[in-house]
Each structure stands twice: as structure tokens, then as C-alpha cells.
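J.: Below is the file coords07.csv, with CSV, C-alpha atoms and all ligand atoms.
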```csv
chain,number,residue,atom,x,y,z
F,1,MET,CA,-7.2,25.9,19.3
F,2,ALA,CA,-9.8,26.9,16.7
F,3,GLY,CA,-8.4,24.4,14.2
F,4,VAL,CA,-10.6,22.2,11.9
F,5,SER,CA,-9.8,18.5,11.5
F,6,LEU,CA,-11.3,16.3,8.8
F,7,GLN,CA,-10.6,12.6,9.2
F,8,GLY,CA,-11.7,10.1,6.5
F,9,ILE,CA,-14.6,12.3,5.6
F,10,VAL,CA,-17.0,10.6,3.1
F,11,LYS,CA,-20.1,11.9,1.3
F,12,THR,CA,-22.6,9.7,-0.4
F,13,TYR,CA,-25.7,10.9,-2.3
F,14,GLY,CA,-28.2,8.0,-2.7
F,15,GLY,CA,-25.6,5.3,-3.0
F,16,LEU,CA,-23.2,7.4,-5.1
F,17,GLN,CA,-20.0,8.4,-3.3
F,18,VAL,CA,-18.8,11.9,-4.3
F,19,VAL,CA,-16.2,12.6,-1.5
F,20,HIS,CA,-14.0,9.6,-0.9
F,21,GLY,CA,-12.4,10.0,2.5
F,22,ILE,CA,-10.7,13.3,3.0
F,23,ASP,CA,-8.0,13.9,5.6
F,24,LEU,CA,-7.2,17.6,6.3
F,25,GLU,CA,-5.8,19.4,9.3
F,26,VAL,CA,-6.5,23.2,9.2
F,27,GLN,CA,-4.5,25.0,11.9
F,28,GLU,CA,-5.8,27.9,14.0
F,29,LYS,CA,-5.6,31.2,12.1
F,30,GLU,CA,-4.7,29.4,8.9
F,31,PHE,CA,-6.2,30.4,5.5
F,32,VAL,CA,-6.7,27.2,3.6
F,33,VAL,CA,-8.1,27.2,0.0
F,34,LEU,CA,-9.8,24.2,-1.5
F,35,VAL,CA,-9.3,24.4,-5.3
F,36,GLY,CA,-10.2,22.0,-8.1
F,37,PRO,CA,-12.3,21.6,-11.2
F,38,SER,CA,-16.1,21.8,-11.2
F,39,GLY,CA,-17.8,18.8,-9.5
F,40,CYS,CA,-14.7,17.7,-7.6
F,41,GLY,CA,-16.4,18.0,-4.2
F,42,LYS,CA,-15.3,21.4,-2.9
F,43,SER,CA,-18.7,22.7,-1.9
F,44,THR,CA,-19.9,19.4,-0.6
F,45,THR,CA,-16.8,19.3,1.7
F,46,LEU,CA,-17.3,22.9,2.9
F,47,ARG,CA,-21.0,22.3,3.5
F,48,MET,CA,-20.2,19.2,5.6
F,49,ILE,CA,-17.9,21.4,7.7
F,50,ALA,CA,-20.7,24.0,8.0
F,51,GLY,CA,-23.3,21.4,8.9
F,52,LEU,CA,-25.4,22.1,5.9
F,53,GLU,CA,-24.8,18.5,4.6
F,54,GLU,CA,-24.8,15.4,6.7
F,55,ILE,CA,-21.4,13.6,7.0
F,56,THR,CA,-21.8,10.1,5.7
F,57,ASP,CA,-18.6,8.8,7.3
F,58,GLY,CA,-15.5,10.0,9.0
F,59,ASP,CA,-14.9,12.5,11.9
F,60,LEU,CA,-15.0,16.3,11.9
F,61,THR,CA,-13.7,18.3,14.8
F,62,ILE,CA,-13.7,22.1,15.2
F,63,ASP,CA,-11.7,23.5,18.0
F,64,ASP,CA,-11.1,20.0,19.3
F,65,ARG,CA,-14.8,19.3,19.6
F,66,HIS,CA,-16.4,16.4,17.7
F,67,VAL,CA,-19.2,18.1,15.7
F,68,ASN,CA,-20.5,15.5,13.2
F,69,ARG,CA,-23.9,15.7,14.8
F,70,VAL,CA,-23.8,19.3,16.1
F,71,ALA,CA,-26.4,21.7,14.4
F,72,PRO,CA,-24.9,24.4,12.1
F,73,LYS,CA,-25.8,27.2,14.4
F,74,ASP,CA,-23.9,25.6,17.3
F,75,ARG,CA,-20.7,24.9,15.4
F,76,ASP,CA,-19.5,28.5,15.7
F,77,VAL,CA,-18.8,28.9,12.0
F,78,ALA,CA,-19.9,31.5,9.6
F,79,MET,CA,-20.3,30.9,5.9
F,80,VAL,CA,-20.2,33.4,3.0
F,81,PHE,CA,-21.9,32.3,-0.2
F,82,GLN,CA,-21.4,33.1,-3.9
F,83,ASN,CA,-24.9,34.6,-4.2
F,84,TYR,CA,-24.6,36.7,-1.0
F,85,ALA,CA,-27.9,35.4,0.5
F,86,LEU,CA,-28.9,38.8,1.9
F,87,TYR,CA,-32.4,39.6,3.1
F,88,PRO,CA,-33.8,41.9,0.4
F,89,HIS,CA,-36.3,43.6,2.7
F,90,LEU,CA,-33.8,44.5,5.3
F,91,ASN,CA,-31.3,47.4,5.1
F,92,VAL,CA,-27.5,46.9,5.4
F,93,ALA,CA,-27.4,47.5,9.1
F,94,ASP,CA,-30.2,45.0,9.8
F,95,ASN,CA,-28.7,42.4,7.5
F,96,ILE,CA,-25.5,42.6,9.4
F,97,ALA,CA,-27.3,42.6,12.8
F,98,PHE,CA,-29.6,39.7,11.9
F,99,GLY,CA,-27.5,36.9,13.6
F,100,LEU,CA,-27.0,39.0,16.7
F,101,ARG,CA,-30.7,39.6,17.1
F,102,ILE,CA,-31.3,35.9,16.9
F,103,ARG,CA,-28.8,35.5,19.7
F,104,LYS,CA,-30.8,38.1,21.6
F,105,GLU,CA,-27.8,40.4,22.2
F,106,SER,CA,-28.6,43.9,23.7
F,107,LYS,CA,-29.5,46.8,21.4
F,108,GLU,CA,-26.4,48.7,22.4
F,109,ALA,CA,-24.1,45.8,21.8
F,110,ILE,CA,-25.6,45.2,18.4
F,111,ALA,CA,-25.4,48.9,17.4
F,112,SER,CA,-21.7,49.0,18.3
F,113,SER,CA,-20.9,45.7,16.5
F,114,VAL,CA,-22.6,46.9,13.4
F,115,GLN,CA,-20.8,50.2,13.5
F,116,GLU,CA,-17.4,48.5,14.0
F,117,VAL,CA,-18.0,46.0,11.1
F,118,GLY,CA,-19.3,48.9,8.9
F,119,ASP,CA,-16.0,50.7,9.5
F,120,ILE,CA,-13.9,47.7,8.8
F,121,LEU,CA,-15.6,47.0,5.5
F,122,GLY,CA,-16.2,50.6,4.4
F,123,LEU,CA,-20.0,50.2,4.6
F,124,THR,CA,-20.7,53.0,7.0
F,125,PRO,CA,-22.2,55.3,4.3
F,126,TYR,CA,-24.6,52.6,3.2
F,127,LEU,CA,-26.0,51.2,6.4
F,128,GLU,CA,-29.6,52.5,5.6
F,129,ARG,CA,-29.7,51.1,2.1
F,130,ARG,CA,-31.3,47.9,0.9
F,131,PRO,CA,-29.3,45.3,-0.9
F,132,ALA,CA,-31.0,46.1,-4.3
F,133,ASP,CA,-29.5,49.6,-4.1
F,134,LEU,CA,-25.9,48.4,-3.7
F,135,SER,CA,-23.2,47.3,-6.2
F,136,GLY,CA,-22.1,43.7,-6.4
F,137,GLY,CA,-19.0,44.4,-4.4
F,138,GLN,CA,-20.9,46.2,-1.7
F,139,ARG,CA,-23.4,43.4,-1.4
F,140,GLN,CA,-20.5,41.0,-1.0
F,141,ARG,CA,-19.1,43.2,1.7
F,142,VAL,CA,-22.4,43.1,3.5
F,143,ALA,CA,-22.4,39.3,3.3
F,144,MET,CA,-18.9,39.3,4.8
F,145,GLY,CA,-20.0,41.8,7.5
F,146,ARG,CA,-22.8,39.4,8.5
F,147,ALA,CA,-20.2,36.7,8.9
F,148,ILE,CA,-17.6,38.8,10.8
F,149,VAL,CA,-20.1,40.4,13.2
F,150,ARG,CA,-20.8,37.0,14.8
F,151,ARG,CA,-17.1,36.6,15.7
F,152,PRO,CA,-17.1,32.9,14.7
F,153,LYS,CA,-14.2,30.6,15.3
F,154,VAL,CA,-14.1,29.7,11.6
F,155,PHE,CA,-15.0,31.4,8.3
F,156,LEU,CA,-16.2,29.3,5.4
F,157,PHE,CA,-16.3,30.9,2.0
F,158,ASP,CA,-17.8,29.2,-1.1
F,159,GLU,CA,-16.7,31.1,-4.2
F,160,PRO,CA,-17.6,34.5,-2.7
F,161,LEU,CA,-16.2,36.5,-5.6
F,162,SER,CA,-17.3,34.6,-8.6
F,163,ASN,CA,-20.3,36.9,-9.3
F,164,LEU,CA,-18.1,40.0,-9.5
F,165,ASP,CA,-16.4,41.4,-12.6
F,166,ALA,CA,-12.6,40.9,-13.0
F,167,LYS,CA,-11.5,44.2,-11.5
F,168,LEU,CA,-13.7,44.1,-8.5
F,169,ARG,CA,-12.7,40.5,-7.9
F,170,THR,CA,-9.1,41.5,-7.7
F,171,GLN,CA,-9.9,44.3,-5.3
F,172,MET,CA,-12.1,42.2,-3.1
F,173,ARG,CA,-9.5,39.4,-3.0
F,174,ALA,CA,-7.0,41.9,-1.5
F,175,GLU,CA,-9.7,43.0,1.0
F,176,ILE,CA,-10.3,39.4,2.1
F,177,LYS,CA,-6.6,38.9,2.6
F,178,ARG,CA,-6.3,42.2,4.6
F,179,LEU,CA,-9.3,41.2,6.7
F,180,HIS,CA,-7.8,37.8,7.5
F,181,LYS,CA,-4.5,39.5,8.5
F,182,ARG,CA,-6.5,41.8,10.8
F,183,LEU,CA,-8.9,39.4,12.4
F,184,GLY,CA,-6.8,36.2,12.2
F,185,VAL,CA,-9.8,33.9,12.0
F,186,THR,CA,-9.3,30.4,10.8
F,187,SER,CA,-10.6,30.3,7.2
F,188,ILE,CA,-11.5,27.7,4.6
F,189,TYR,CA,-12.1,29.1,1.2
F,190,VAL,CA,-13.4,27.3,-1.9
F,191,THR,CA,-12.7,28.4,-5.4
F,192,HIS,CA,-12.1,26.9,-8.9
F,193,ASP,CA,-9.9,30.0,-9.7
F,194,GLN,CA,-6.2,29.0,-9.2
F,195,ILE,CA,-5.1,32.6,-9.1
F,196,GLU,CA,-7.4,33.2,-6.2
F,197,ALA,CA,-6.0,30.1,-4.5
F,198,MET,CA,-2.4,31.1,-5.1
F,199,THR,CA,-2.8,34.7,-3.8
F,200,LEU,CA,-5.0,34.0,-0.8
F,201,ALA,CA,-3.8,30.7,0.7
F,202,ASP,CA,-1.4,29.9,3.4
F,203,ARG,CA,-1.9,26.4,2.1
F,204,ILE,CA,-3.8,25.1,-0.9
F,205,VAL,CA,-5.7,21.8,-1.1
F,206,VAL,CA,-5.9,20.6,-4.7
F,207,MET,CA,-9.0,18.4,-5.1
F,208,HIS,CA,-10.0,16.1,-8.1
F,209,ASP,CA,-12.9,13.7,-8.3
F,210,GLY,CA,-13.7,13.7,-4.6
F,211,ARG,CA,-10.1,13.2,-3.5
F,212,ILE,CA,-7.2,15.3,-2.4
F,213,GLU,CA,-4.3,15.3,-4.9
F,214,GLN,CA,-1.9,17.5,-2.9
F,215,ILE,CA,-1.7,19.9,0.1
F,216,GLY,CA,1.0,22.5,0.4
F,217,THR,CA,2.0,26.2,0.3
F,218,PRO,CA,1.3,27.9,-3.0
F,219,MET,CA,5.0,28.0,-3.9
F,220,ASP,CA,5.6,24.4,-3.0
F,221,LEU,CA,2.7,23.3,-5.2
F,222,PHE,CA,3.9,25.5,-8.0
F,223,LEU,CA,7.5,24.2,-7.8
F,224,ASN,CA,6.9,20.7,-6.6
F,225,PRO,CA,3.6,19.3,-7.9
F,226,VAL,CA,3.3,15.6,-7.1
F,227,ASN,CA,1.6,14.7,-10.3
F,228,THR,CA,0.6,16.0,-13.8
F,229,PHE,CA,-2.9,17.0,-12.6
F,230,VAL,CA,-1.6,19.4,-10.0
F,231,ALA,CA,1.2,20.6,-12.3
F,232,GLU,CA,-1.3,21.5,-15.0
F,233,PHE,CA,-3.9,22.9,-12.7
F,234,LEU,CA,-1.7,25.5,-10.9
F,235,GLY,CA,0.1,28.2,-12.9
F,236,ALA,CA,-1.0,30.6,-15.6
F,237,PRO,CA,-0.2,30.0,-18.4
F,238,PRO,CA,-0.1,26.3,-17.5
F,239,MET,CA,2.9,24.1,-17.3
F,240,ASN,CA,4.0,22.7,-20.7
F,241,MET,CA,4.2,19.0,-21.0
F,242,ILE,CA,6.7,17.1,-23.3
F,243,LYS,CA,6.7,13.4,-24.0
F,244,ALA,CA,10.2,12.0,-23.7
F,245,THR,CA,12.3,8.9,-22.8
F,246,ILE,CA,15.1,8.9,-20.3
F,247,ALA,CA,18.6,7.8,-21.7
F,248,SER,CA,22.0,7.7,-20.0
F,249,GLY,CA,24.1,10.7,-20.9
F,250,GLY,CA,27.4,10.2,-19.1
F,251,SER,CA,27.5,12.2,-15.9
F,252,SER,CA,23.8,13.1,-16.0
F,253,PRO,CA,20.7,11.4,-17.5
F,254,VAL,CA,19.1,13.0,-20.5
F,255,ALA,CA,15.6,13.2,-21.9
F,256,GLU,CA,15.3,12.3,-25.5
F,257,PHE,CA,12.5,13.4,-27.7
F,258,ASP,CA,12.2,14.3,-31.4
F,259,GLY,CA,16.0,14.2,-31.9
F,260,ASN,CA,16.6,16.4,-28.8
F,261,LYS,CA,18.8,15.4,-25.9
F,262,VAL,CA,18.1,17.6,-22.9
F,263,PRO,CA,20.2,17.1,-19.7
F,264,LEU,CA,18.3,16.2,-16.5
F,265,ALA,CA,19.3,16.6,-12.9
F,266,PRO,CA,21.8,14.0,-11.8
F,267,ILE,CA,19.6,12.5,-9.1
F,268,PRO,CA,19.3,8.7,-8.4
F,269,SER,CA,15.6,8.4,-9.4
F,270,LEU,CA,16.3,9.8,-12.9
F,271,GLN,CA,19.7,8.0,-13.3
F,272,ASN,CA,18.0,4.7,-12.5
F,273,ALA,CA,15.1,5.3,-14.9
F,274,VAL,CA,17.0,4.8,-18.2
F,275,GLY,CA,14.5,3.6,-20.8
F,276,ARG,CA,11.5,4.9,-18.9
F,277,ASP,CA,8.8,6.9,-20.8
F,278,VAL,CA,8.3,10.2,-19.0
F,279,ILE,CA,6.6,13.5,-19.3
F,280,LEU,CA,8.7,16.6,-18.8
F,281,GLY,CA,6.9,19.5,-17.1
F,282,VAL,CA,8.3,22.8,-18.2
F,283,ARG,CA,7.0,26.0,-16.7
F,284,PRO,CA,6.6,28.9,-19.2
F,285,GLU,CA,8.6,31.1,-16.9
F,286,PHE,CA,11.5,28.7,-16.5
F,287,VAL,CA,12.9,28.5,-20.0
F,288,THR,CA,15.5,30.7,-21.8
F,289,VAL,CA,14.6,31.8,-25.3
F,290,ALA,CA,17.1,31.0,-28.0
F,291,ASP,CA,17.7,31.9,-31.6
F,292,HIS,CA,19.2,29.7,-34.3
F,293,THR,CA,22.8,30.4,-33.1
F,294,VAL,CA,22.2,28.4,-29.9
F,295,PRO,CA,23.3,24.8,-30.9
F,296,ASP,CA,21.6,22.8,-28.1
F,297,ARG,CA,18.3,24.6,-28.2
F,298,VAL,CA,15.0,22.7,-28.4
F,299,ALA,CA,13.4,23.9,-31.6
F,300,VAL,CA,9.7,25.0,-31.4
F,301,ASP,CA,7.4,26.4,-34.1
F,302,VAL,CA,6.6,30.0,-33.1
F,303,ASP,CA,3.1,31.0,-33.9
F,304,LEU,CA,2.6,34.3,-32.2
F,305,ILE,CA,4.3,36.7,-29.8
F,306,GLU,CA,2.1,38.7,-27.4
F,307,THR,CA,4.1,41.7,-25.9
F,308,LEU,CA,2.6,42.8,-22.6
F,309,GLY,CA,5.1,45.6,-21.8
F,310,SER,CA,7.8,44.3,-19.6
F,311,GLU,CA,7.1,40.7,-20.5
F,312,ALA,CA,6.0,38.7,-23.5
F,313,LEU,CA,4.1,35.4,-24.1
F,314,VAL,CA,5.5,33.4,-26.9
F,315,HIS,CA,2.9,31.0,-28.3
F,316,ALA,CA,4.6,28.1,-30.0
F,317,SER,CA,4.0,24.4,-30.7
F,318,LEU,CA,6.0,21.3,-29.9
F,319,GLN,CA,4.9,17.7,-30.5
F,320,GLY,CA,1.7,19.1,-32.1
F,321,ALA,CA,0.7,20.6,-28.8
F,322,PRO,CA,0.8,24.3,-27.6
F,323,PHE,CA,4.1,25.3,-26.0
F,324,VAL,CA,4.1,28.7,-24.2
F,325,ILE,CA,7.1,30.7,-23.1
F,326,ARG,CA,6.8,33.7,-20.7
F,327,THR,CA,9.9,35.9,-20.9
F,328,GLU,CA,11.1,39.4,-20.2
F,329,THR,CA,11.2,41.8,-23.1
F,330,VAL,CA,13.7,44.3,-21.7
F,331,GLY,CA,17.0,44.0,-23.5
F,332,GLN,CA,15.9,41.1,-25.7
F,333,MET,CA,13.4,42.4,-28.2
F,334,ARG,CA,15.8,41.6,-31.0
F,335,LEU,CA,16.3,38.0,-29.7
F,336,LEU,CA,12.5,37.7,-29.5
F,337,ASP,CA,12.2,38.7,-33.2
F,338,ASN,CA,14.5,35.7,-34.0
F,339,ILE,CA,13.3,33.2,-31.5
F,340,SER,CA,13.4,29.6,-32.7
F,341,GLY,CA,13.6,27.5,-29.6
F,342,PHE,CA,14.6,27.4,-25.9
F,343,THR,CA,17.0,26.0,-23.4
F,344,ILE,CA,16.3,25.0,-19.8
F,345,GLU,CA,18.4,24.3,-16.7
F,346,PRO,CA,18.2,20.6,-15.7
F,347,HIS,CA,16.9,21.3,-12.2
F,348,LEU,CA,14.0,23.4,-13.5
F,349,ILE,CA,12.5,20.4,-15.4
F,350,ARG,CA,9.9,18.4,-13.5
F,351,VAL,CA,9.9,14.7,-14.6
F,352,PHE,CA,6.7,12.6,-14.3
F,353,ASP,CA,6.2,9.0,-15.1
F,354,ALA,CA,4.3,8.7,-18.4
F,355,GLN,CA,2.1,5.8,-17.1
F,356,THR,CA,1.1,7.0,-13.6
F,357,GLY,CA,1.5,10.7,-14.0
F,358,MET,CA,3.4,10.8,-10.7
F,359,ALA,CA,6.6,12.9,-10.3
F,360,LEU,CA,9.7,10.8,-10.0
F,361,PRO,CA,10.9,10.9,-6.4
F,362,GLY,CA,13.7,13.1,-5.0
F,363,GLN,CA,13.1,16.1,-7.2
F,364,VAL,CA,12.8,19.1,-4.8
F,365,MET,CA,12.9,22.7,-5.9
F,366,VAL,CA,13.3,25.4,-3.2
F,367,GLN,CA,12.3,29.0,-3.6
D,401,LIG,N1,-27.7,17.1,-3.6
D,401,LIG,C1,-26.9,16.4,-4.4
D,401,LIG,N2,-27.4,15.2,-4.9
D,401,LIG,C2,-26.6,14.4,-5.7
D,401,LIG,N3,-25.4,14.7,-6.1
D,401,LIG,C3,-24.9,15.9,-5.7
D,401,LIG,C4,-25.6,16.8,-4.8
D,401,LIG,N4,-24.8,17.8,-4.6
D,401,LIG,C5,-23.7,17.6,-5.3
D,401,LIG,N5,-23.7,16.4,-5.9
D,401,LIG,C6,-22.6,15.9,-6.7
D,401,LIG,O1,-21.4,15.8,-6.0
D,401,LIG,C7,-20.3,16.1,-6.7
D,401,LIG,C8,-19.5,17.2,-6.1
D,401,LIG,O2,-20.3,18.4,-6.1
D,401,LIG,P1,-19.8,19.8,-5.5
D,401,LIG,O3,-20.9,20.8,-5.6
D,401,LIG,O4,-19.2,19.6,-4.2
D,401,LIG,O5,-18.7,20.2,-6.5
D,401,LIG,P2,-17.8,21.5,-6.6
D,401,LIG,O6,-16.4,21.1,-6.5
D,401,LIG,O7,-18.2,22.5,-5.5
D,401,LIG,O8,-18.0,22.1,-8.0
D,401,LIG,P3,-18.3,23.6,-8.6
D,401,LIG,O9,-16.9,24.2,-8.8
D,401,LIG,O10,-19.0,23.4,-9.9
D,401,LIG,O11,-19.1,24.4,-7.6
D,401,LIG,C9,-20.8,16.5,-8.1
D,401,LIG,O12,-20.6,15.3,-8.9
D,401,LIG,C10,-22.3,16.8,-7.9
D,401,LIG,O13,-23.0,16.4,-9.0
D,402,MG,MG,-19.1,24.4,-5.6
```
Would it be possible to restate this file's structure as C-alpha cells?
Ligand SMILES: Nc1ncnc2c1ncn2[C@@H]1O[C@H](COP(=O)(O)OP(=O)(O)OP(=O)(O)O)[C@@H](O)[C@H]1O
Ligand SMILES: [Mg+2]

T.:
Amino acid sequence: MAGVSLQGIVKTYGGLQVVHGIDLEVQEKEFVVLVGPSGCGKSTTLRMIAGLEEITDGDLTIDDRHVNRVAPKDRDVAMVFQNYALYPHLNVADNIAFGLRIRKESKEAIASSVQEVGDILGLTPYLERRPADLSGGQRQRVAMGRAIVRRPKVFLFDEPLSNLDAKLRTQMRAEIKRLHKRLGVTSIYVTHDQIEAMTLADRIVVMHDGRIEQIGTPMDLFLNPVNTFVAEFLGAPPMNMIKATIASGGSSPVAEFDGNKVPLAPIPSLQNAVGRDVILGVRPEFVTVADHTVPDRVAVDVDLIETLGSEALVHASLQGAPFVIRTETVGQMRLLDNISGFTIEPHLIRVFDAQTGMALPGQVMVQ
């Protein structure tokens, strides 16, 4: 099984610990994305898997083999970097063939591999060109070709698309996904772009300050973030956060804030939290817009409405902070002209403890 297993992985640079003991099991053929803000330890973790950084503590196995002390070239992994790292004096074919020549494969085998990879990546017309005469997207494809041609057990990607413009990035993102479907190679992909993470990953690993905050499928992390960090990191526009206190409201608990009483789901952890200060996580997509005729609406101050065709973004404020609503336009343009607040179903609100930032237990949203 070409899985990758990290157990208690630690990295220290000159006495300063930057990765604090990471546990992660990547399954064979899985596409796992490490995502998190700048400096959280994504590249360091990936480079330890590649063998480009020494592992300070913990155990790394690839395909059930303990590889902490195995040289990078003997780990059977291939890494694709942000800056492509192509050889400028070699043409595309020779760049792709480089690793195979080092392995002393036969001329015929190399030629057929290069041709096959050229076909897969649409590089056949450019095999004679040098990197300087290629576009950014083409260079990135060559870098991927160089990784693919070695038929490694694991692909490692460190922000491979961040030097490309937005349009090309979207296009290459889809190509990487297709390539993974076709080749089925276990992949670990680092990015700080949460949209890339959501669209590419079988599972996402959210990192923060050298630790893992949460691991899960994109939808599970979107619907059931374990804490406010994950909640605010994934989703665009980000989740709205409202400060509130839980009160008892008869059959179901309610959240009180600024004179509002918003019903919450009738689950034990919320029913037993009367008096607790909480943060209500409200996704821009999960609210229903309301005009002044809706009596139990939460009032917001609307600042600006951006109409994007079939949907609109309502930029408003609540508790002195931005509050964004994403809504359909079809059939409700008149309502949007008169919007003065919103309502939300109890089960669509995510409740976090105000002190710890952790989601109160027992709240589970399914797709
Ligand atoms: N060679 C080094 N010596 C000392 N500290 C380092 C070294 N390399 C990385 N660090 C530190 O380790 C931490 C993690 O860095 P890392 O490059 O893994 O972050 P990252 O998540 O990849 O960030 P980015 O999104 O900016 O690429 C940072 O605080 C960084 O300053
Ligand atoms: Mg990095």
C-alpha cells in the first residue's frame, strides 16, 4: 500500500520548534491537501516527507517502510515546486527525461516514456523548446511531466500553481485533478489557497502554528468545523461570527444578542449551556434575506449589494463587524432592494464556545 504515515512528526530549527508533533495517515491513491496560513509549517512538513529536511522526532513511513533516514532519491517520491525548478539549458524532452537518464534507463524506454508523458500533458508540440520559450502554464506542465515520468509511489506538490495568473490557475487545477483521476498516485499537496484545497482534496488537513487543527473531507470541514479557526479559514466569503449568550427558550435554547432571540437546535450541549457566552458561526450561504415585514428577522445595516448575475453578495454590518450574505437573485430582486435583515434555520447555525473557540459537541450537519 503506497500510503504515507506521519506519527508524532516534529521539526526544530536551532532549538525553535516549528512543527509540534503531527499525526497523519494518507491512504493509497488519496489526494490530501495541507492548507493553512503562511508560516504554519506546510512546506516544512512536505519537505520532511520528501527527505529534503531532516525529521527531528517522530516516525515517517511510506508504503509501510520506515524512511526517516532514507535518502530523498530512494523514497520513491516526486516533488513539484512552485518555481518549477527546470534546467534552463535543457529542452522540454530532456528536462522530462532527466530523472530517467540518472537511473540509466535505456534510450528506447526513455523516448517512449517522454512521448507518453508529453501526450498526457499536451506538451508534444513543445518537446524541442527550452523553458525560457514556454508560458508559465507550460513550464508548470513540464515540471509535472518530470515528476510523472518517474512513476513514483507518491507525488508531493508545494504550491505548484501560485506563480500562475488566476485563469491559468483554475485551468491547471482542473488538469491536476484529471491527472490524479487517471494515474491514481497518492498525492500530498500544499497550498494556502482554500479554494484550491476545497476543489482538489479528497481530505483536507488544516494547519495552524505547526499543528493540525482538523482533518476531513472538504464538505465535512465546511459544514462541521471543530473550531473558529477552521470555520473562518474555509469558505469564501468567510463564515460570519456573532457574539451571543445562550438562554433558555422553552422547547429549544435561544441565542441572545443585541435584543435578538434566535432559536438554536434543541440538542443537549446547547440546552445545557444556558448563560454561556458563545460565538454563532453563520455561513453567508445559509441565511434567508428578509425585509422589514419579517418580524423575527435579525436586523443588519446594509452597506452595498453586489449583483453577480444569478447570485448577489450583500455586504452589511452587525455588531460593528462585516456581515456578508450570499443569495440568489432570481425571483427576489425586489426583496433585495428592501433587505433589512435575515433569518436562519436553527440547525444551520454553528455554535462555538466564546472562550475556547471550540464548537459545542453534538452539532452535526450532513450534506
Ligand atoms: N531553514 C529554516 N530555519 C529556521 N526557520 C525556518 C526554516 N524554514 C522554515 N522556518 C520556519 O518554520 C516555520 C514554518 O515554515 P514553512 O515554510 O513550513 O511555512 P509554510 O506553511 O510553508 O508557509 P508559506 O505558506 O508562507 O509557504 C516558519 O515560522 C518559518 O519561519
Ligand atoms: Mg510554504

J.: List as a PyMOL selection string the protein and nucleic acid residues lying within 6 Å of ligand LIG 401 (chain D), with all atoms listed in the file counted.

T.: chain F and resi 13+18+37-44+192

J.: At what distance in Å, to one decimal, does atom CA of Gly99 of chain F lie from atom CA of Ala85 of chain F?

T.: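 Here the two named atoms are 13.2 Å from each other.
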
J.: Return the single residue from F:Phe81, F:Phe257, F:Phe286, F:Phe155 that is closest to ligand MG 402 (chain D), with distances computed using all atoms listed in the file.

T.: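 Under the stated criterion, the closest residue is F:Phe81.
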
J.: Select, from F:Val33, F:Ala197, F:Val190, F:Val10, the residue with the minimum atom-to-atom distance to ligand MG 402 (chain D), counting all atoms listed in the file.

T.: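 Closest residue, counting all atoms listed in the file: F:Val190.
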
J.: Could you list as a ChimeraX atom specification every residue that has an atom within 9 Å of (-6.2, 10.6, -1.4), using the file's coordinates and counting only C-alpha atoms?

T.: /F:20-23,210-214

J.: Between F:Arg141, F:Arg173, F:Arg47, F:Arg150, which has the minimum distance to ligand MG 402 (chain D) (counting all atoms listed in the file)?

T.: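 For ligand MG 402 (chain D), the nearest of the candidates is F:Arg47.
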
J.: If we count all atoms listed in the file, what is near segment 345-350 of chain F at a cut-off of 9 Å, once residues fewer than 5 positions away on the same chain are taken out, given as a VMD selection string?

T.: chain F and resid 223 to 225 262 to 266 279 to 283 286 to 288 359 to 360 363 to 365

J.: Could you tell me how far atom CA of Ala97 of chain F lies from atom CA of Ser113 of chain F, in Å and to one decimal?

T.: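 Separating atom CA of Ala97 of chain F from atom CA of Ser113 of chain F is a distance of 8.0 Å.
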
J.: Would you mind putting N, CA and C atoms back on segment 32-43 of chain F and writing the result as a short mmCIF file (atom, residue, chain, number, x, y, z; two decimals), keeping the file's coordinate frame?

T.:
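Output contents, as saved in out.cif:
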```cif
data_model
loop_
_atom_site.label_atom_id
_atom_site.label_comp_id
_atom_site.auth_asym_id
_atom_site.auth_seq_id
_atom_site.Cartn_x
_atom_site.Cartn_y
_atom_site.Cartn_z
N VAL F 32 -6.89 28.38 4.45
CA VAL F 32 -6.70 27.20 3.60
C VAL F 32 -7.70 27.34 2.41
N VAL F 33 -7.22 27.12 1.20
CA VAL F 33 -8.10 27.20 0.00
C VAL F 33 -8.24 25.84 -0.62
N LEU F 34 -9.50 25.42 -0.80
CA LEU F 34 -9.80 24.20 -1.50
C LEU F 34 -10.01 24.60 -2.99
N VAL F 35 -9.23 24.00 -3.89
CA VAL F 35 -9.30 24.40 -5.30
C VAL F 35 -9.41 23.10 -6.12
N GLY F 36 -10.09 23.18 -7.25
CA GLY F 36 -10.20 22.00 -8.10
C GLY F 36 -11.28 22.27 -9.15
N PRO F 37 -11.36 21.42 -10.17
CA PRO F 37 -12.30 21.60 -11.20
C PRO F 37 -13.77 21.46 -10.76
N SER F 38 -14.70 21.91 -11.57
CA SER F 38 -16.10 21.80 -11.20
C SER F 38 -16.50 20.36 -10.95
N GLY F 39 -17.25 20.18 -9.87
CA GLY F 39 -17.80 18.80 -9.50
C GLY F 39 -16.80 17.98 -8.74
N CYS F 40 -15.66 18.53 -8.31
CA CYS F 40 -14.70 17.70 -7.60
C CYS F 40 -15.01 17.52 -6.12
N GLY F 41 -16.02 18.24 -5.62
CA GLY F 41 -16.40 18.00 -4.20
C GLY F 41 -16.07 19.11 -3.25
N LYS F 42 -15.69 20.27 -3.77
CA LYS F 42 -15.30 21.40 -2.90
C LYS F 42 -16.43 21.86 -2.02
N SER F 43 -17.55 22.20 -2.68
CA SER F 43 -18.70 22.70 -1.90
C SER F 43 -19.25 21.71 -0.98
#
```
